[in-house]
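For reference, the structure discussed in these notes is given below.
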Amino acid sequence: MLVLVLALVAGVGFGAYWSVSTVRASYPQTTGTITLDGLTGDVEVKRDSYGIPQIYADSDADLFRAQGFVQAQDRFWEMDVRRHMTA
C-alpha cells in the first residue's frame, strides 16, 4: 500500500513538473539578443512593464521583419492551441 501511494505521489509530482516546464518552454524570449536572418541593420525591441513591444530599426524593411517576428513570438501559444484543436 505504501509503495502504491509513493508511486502515485511521484507520478503526480513528475506530471506537474513536466507540465510547468512544457508551458515555460513555450514562452517567448523577451530579454537578451536574438539573431534574425534577413536583417540589414540593427533592430532594438524594448518591452514595457505590460510586455508591449516598441521596435526601433534603421530601415522600414527591418522594422517590418522584426514586427512580424515579435508578433509571431507573442502569438505562438494561440497557433499551438489552434493546431491542437484541429488535430
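Letters A, B, ... mark the chains of the C-alpha cells in the order given; residue numbers begin at 1 per chain; ligand numbers begin at 1, in order shown.
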Residues within 12 Å of A:Thr35, please, as a ChimeraX atom specification. Count only C-alpha atoms; anything in the same chain fewer than 6 positions from it doesn't count. /A:29,41-44,66,69
List every residue of chain A that DSSP, applied to the backbone of this structure, places in strand (DSSP E or B), and write the result as an MDAnalysis selection string. chainID A and resid 43:47 53:57
Emit the selected residues as a tab-separated table (two decimals), in the first residue's frame, including C-alpha atoms.
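Heads up, here's the output in result.tsv:
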chain	number	residue	atom	x	y	z
A	43	VAL	CA	16.94	46.37	-34.58
A	44	GLU	CA	16.09	47.06	-30.96
A	45	VAL	CA	12.93	45.76	-29.32
A	46	LYS	CA	12.04	47.18	-25.92
A	47	ARG	CA	9.09	45.92	-23.89
A	53	PRO	CA	6.94	45.92	-27.63
A	54	GLN	CA	8.45	49.10	-29.04
A	55	ILE	CA	10.57	48.41	-32.12
A	56	TYR	CA	13.39	50.66	-33.34
A	57	ALA	CA	15.12	49.91	-36.67
Expected answer as an MDAnalysis selection string: helix (DSSP H, G or I) residues in chain A: chainID A and resid 2:25 60:74 76:86
Quick one: write out the picked residues with C-alpha atoms as a compact mmCIF listing (two decimals), in the first residue's frame?
# COMPACT_ATOMS: atom_id res chain seq x y z
CA LEU A 2 2.81 2.40 0.91
CA VAL A 3 4.58 1.66 -2.37
CA LEU A 4 1.41 2.44 -4.30
CA VAL A 5 0.98 5.78 -2.52
CA LEU A 6 4.64 6.70 -3.11
CA ALA A 7 4.36 5.76 -6.78
CA LEU A 8 1.21 7.87 -7.10
CA VAL A 9 2.84 10.87 -5.41
CA ALA A 10 5.93 10.50 -7.60
CA GLY A 11 3.77 10.27 -10.73
CA VAL A 12 1.76 13.36 -9.83
CA GLY A 13 4.96 15.25 -8.99
CA PHE A 14 6.58 14.31 -12.28
CA GLY A 15 3.41 15.23 -14.19
CA ALA A 16 3.30 18.64 -12.53
CA TYR A 17 6.99 19.25 -13.25
CA TRP A 18 6.57 18.20 -16.89
CA SER A 19 3.50 20.41 -17.35
CA VAL A 20 5.17 23.51 -15.91
CA SER A 21 8.40 23.01 -17.87
CA THR A 22 6.46 22.49 -21.11
CA VAL A 23 4.47 25.68 -20.62
CA ARG A 24 7.54 27.71 -19.70
CA ALA A 25 9.41 26.44 -22.76
CA ASP A 60 11.42 50.04 -42.84
CA ALA A 61 12.16 46.54 -44.13
CA ASP A 62 13.99 45.64 -40.91
CA LEU A 63 11.20 47.18 -38.85
CA PHE A 64 8.51 45.12 -40.58
CA ARG A 65 10.53 41.90 -40.36
CA ALA A 66 11.11 42.44 -36.63
CA GLN A 67 7.44 43.31 -36.15
CA GLY A 68 6.41 40.03 -37.76
CA PHE A 69 8.88 38.10 -35.61
CA VAL A 70 7.71 39.74 -32.39
CA GLN A 71 4.06 39.22 -33.30
CA ALA A 72 4.70 35.55 -34.06
CA GLN A 73 6.52 35.18 -30.73
CA ASP A 74 3.60 36.68 -28.85
CA PHE A 76 2.78 31.23 -30.65
CA TRP A 77 0.52 29.94 -27.88
CA GLU A 78 -2.53 30.78 -29.99
CA MET A 79 -1.12 28.99 -33.02
CA ASP A 80 -0.26 25.99 -30.89
CA VAL A 81 -3.74 25.83 -29.31
CA ARG A 82 -5.40 26.06 -32.73
CA ARG A 83 -3.12 23.32 -34.03
CA HIS A 84 -4.16 21.04 -31.18
CA MET A 85 -7.84 21.89 -31.63
CA THR A 86 -7.84 20.97 -35.32
